[in-house]
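Asker: I'd like to ask some things about the structure below.
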Amino acid sequence: MIKHLLSASILFLGLNGFSQSFNVMYDFSSVMSGTANTGTTDPTPPPTAAGVTFGSFMAVGTPTGTSANGVFAFSGWDVGVITGNDNYSTYTAAINPSKYYEVTITPNSSSVTLNSIMFNMSRSSTGPRTWVVRSNKDSYGANLPAMVSGNTNINVQATNVFFWALDSYTVTGGKQEPGSTVNLSGPNFTNQTTPYTFRWYPYNAENTAGTFRIDTVRFSGTVNGASGVNEFTQDLNSMIRIYPNPSNDGVVFLDTKKVNFSKIEVVNILGATVLTENKEAIRNEKVKLDLNTLPAGTYFVRVTSGDKIFTERFFITK
């Protein structure tokens, strides 16, 4: 019994100190224009990462139809510049709080730290020349810290305003401008357990028919610790085995050896149950678990046998 309790304590301490980084991307691949228009919510399945839920992008205050396939591209932005005017100091429009793109990121049974947002953008020939990013953490009151890396066609003006620098520059063949980066730091973006919502505000269009496009939006951050991991118990002399370990395709086999069991659960590192099978089985039975839809990471298989729970750790690599 002492050995059993020691094993459980080691598992508890190891898991509570856990953190895992993520770098996910929105690619808007399912967005369609024309007669098959997908509307103001991106229908593309959002990216996934353990411990956090990524919502779908939405366009607010714009016309109902996107103007291009495979990107988030809408018109209707406030006009504030004459076509061909590259003098930022003469622009007249301010951000319109009722016109924006929005996405929400929700921590799940853990805290989440966000480090940065990177995205590609483009505009039609009369689209917005400026854009900013804000968050709900200060009620969308201030522009988030902006920078541009490796692209001289756009730059950052005072108060963290992104600026399309050369109106004479023509985007051809659907080319996107990379390099727009928002750096996130400080208490508003560290170890948060409540949702993050981000808004992109394009403005200073040359015509209301001009479009503003975003694509390849990347969020990087860290999932820190977890509640629920202390629910695990593990027998020092566990009578189950899972293989191959690691699995490079998510398909694993559970060998129950000398255990009769009634339930199998697969749990991620954050304590969330991702698979449950209620099944009466006899000892020495081999059970196949097809987990190929799960992202790469650390998991636990938990087998219930009477009043005992046996747990084994395994890894999925892709």
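In the structure tokens, the first chain shown is A, the next is B, and so on; residue numbers restart at 1 for each chain, and ligands run from 1 in the order shown.
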Ala93 in chain A: which residues within 10 Å, counting only C-alpha atoms, same-chain residues fewer than 2 positions away excluded, as a list in words?
Answerer: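 Everything that qualifies: Trp77, Asp78, Val79, Gly80, Val81, Thr90, Tyr91, Ile95, Asn96, Thr130, Tyr203, Asn204 and Ala205 of chain A.
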Asker: May I have the selected residues written with N, CA and C atoms, as a PDB file, in the first residue's frame?
Answerer:
```
ATOM      1  N   TRP A  77     -15.631  49.112 -45.346  1.00  0.00           N
ATOM      2  CA  TRP A  77     -14.822  49.797 -44.332  1.00  0.00           C
ATOM      3  C   TRP A  77     -14.901  51.318 -44.506  1.00  0.00           C
ATOM      4  N   ASP A  78     -14.690  52.052 -43.421  1.00  0.00           N
ATOM      5  CA  ASP A  78     -14.823  53.503 -43.449  1.00  0.00           C
ATOM      6  C   ASP A  78     -13.747  54.150 -44.314  1.00  0.00           C
ATOM      7  N   VAL A  79     -14.171  55.113 -45.131  1.00  0.00           N
ATOM      8  CA  VAL A  79     -13.279  55.809 -46.054  1.00  0.00           C
ATOM      9  C   VAL A  79     -12.589  56.975 -45.336  1.00  0.00           C
ATOM     10  N   GLY A  80     -11.284  57.165 -45.622  1.00  0.00           N
ATOM     11  CA  GLY A  80     -10.580  58.280 -44.988  1.00  0.00           C
ATOM     12  C   GLY A  80      -9.367  58.746 -45.752  1.00  0.00           C
ATOM     13  N   VAL A  81      -9.245  58.332 -47.040  1.00  0.00           N
ATOM     14  CA  VAL A  81      -8.056  58.695 -47.807  1.00  0.00           C
ATOM     15  C   VAL A  81      -8.415  58.731 -49.288  1.00  0.00           C
ATOM     16  N   THR A  90      -2.293  62.702 -43.362  1.00  0.00           N
ATOM     17  CA  THR A  90      -3.495  63.353 -43.894  1.00  0.00           C
ATOM     18  C   THR A  90      -4.730  62.461 -43.838  1.00  0.00           C
ATOM     19  N   TYR A  91      -4.589  61.244 -43.380  1.00  0.00           N
ATOM     20  CA  TYR A  91      -5.727  60.335 -43.344  1.00  0.00           C
ATOM     21  C   TYR A  91      -6.713  60.802 -42.276  1.00  0.00           C
ATOM     22  N   ILE A  95     -10.881  54.236 -36.249  1.00  0.00           N
ATOM     23  CA  ILE A  95     -11.474  52.909 -36.238  1.00  0.00           C
ATOM     24  C   ILE A  95     -12.963  53.014 -35.926  1.00  0.00           C
ATOM     25  N   ASN A  96     -13.730  52.180 -36.568  1.00  0.00           N
ATOM     26  CA  ASN A  96     -15.160  52.111 -36.321  1.00  0.00           C
ATOM     27  C   ASN A  96     -15.409  50.914 -35.412  1.00  0.00           C
ATOM     28  N   THR A 130      -5.054  51.197 -43.413  1.00  0.00           N
ATOM     29  CA  THR A 130      -4.615  51.027 -42.030  1.00  0.00           C
ATOM     30  C   THR A 130      -5.455  49.960 -41.344  1.00  0.00           C
ATOM     31  N   TYR A 203      -9.503  50.265 -41.486  1.00  0.00           N
ATOM     32  CA  TYR A 203     -10.152  51.554 -41.745  1.00  0.00           C
ATOM     33  C   TYR A 203      -9.256  52.376 -42.664  1.00  0.00           C
ATOM     34  N   ASN A 204      -9.709  53.589 -42.973  1.00  0.00           N
ATOM     35  CA  ASN A 204      -9.047  54.424 -43.975  1.00  0.00           C
ATOM     36  C   ASN A 204      -9.025  53.734 -45.338  1.00  0.00           C
ATOM     37  N   ALA A 205     -10.203  53.273 -45.751  1.00  0.00           N
ATOM     38  CA  ALA A 205     -10.350  52.739 -47.103  1.00  0.00           C
ATOM     39  C   ALA A 205     -10.393  53.897 -48.097  1.00  0.00           C
TER      40      ALA A 205
END
```
Asker: Could you jot down the CA of Gly306 in chain A to CA of Asp290 in chain A separation for me, Å, one decimal place?
Answerer: 24.8 Å
Asker: Please identify the strand (DSSP E) residues within range 78-302 of chain A (assignment by DSSP from backbone atoms) and present them as a ChimeraX atom specification.
Answerer: /A:100-107,111-123,130-135,146-148,154-157,161-164,177-183,196-203,212-224,241-243,251-255,261-268,273-281,286-290,297-302
Asker: When you count only C-alpha atoms, which of these residues is closest to Ala296 in chain A: A:Glu265, A:Leu275, A:Ser21, A:Ser67?
Answerer: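 Closest to Ala296 in chain A of all the choices is A:Ser21.
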Asker: Hey, what's within 12 Å of Asn183 in chain A if we count only C-alpha atoms and toss same-chain stuff fewer than 4 positions away? As a PyMOL selection string, please?
Answerer: chain A and resi 114-119+133-134+143-149+160+189+218-221
Asker: Take CA of Lys288 in chain A and CA of Pro46 in chain A and report the distance between them in Å, one decimal.
Answerer: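 Separation of CA of Lys288 in chain A and CA of Pro46 in chain A: 28.3 Å.
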Asker: Within 8 Å of Thr62 in chain A, counting only C-alpha atoms, which residues show up once you throw out same-chain ones fewer than 2 positions away? Write them as a ChimeraX atom specification, please.
Answerer: /A:59-60,64,74-77,99-100
Asker: Would you mind exporting the chosen residues as a compact mmCIF listing (two decimals), in the first residue's frame, restricted to C-alpha atoms?
Answerer:
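Once everything was written out, this is again-v4.txt:
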```
# COMPACT_ATOMS: atom_id res chain seq x y z
CA ALA A 59 -16.91 39.44 -39.74
CA VAL A 60 -19.05 42.08 -38.00
CA THR A 64 -22.84 39.47 -45.74
CA PHE A 74 -14.94 41.76 -46.84
CA SER A 75 -15.74 45.33 -47.87
CA GLY A 76 -17.69 48.21 -46.30
CA TRP A 77 -14.82 49.80 -44.33
CA LYS A 99 -16.80 47.02 -38.00
CA TYR A 100 -14.22 44.31 -37.39
```
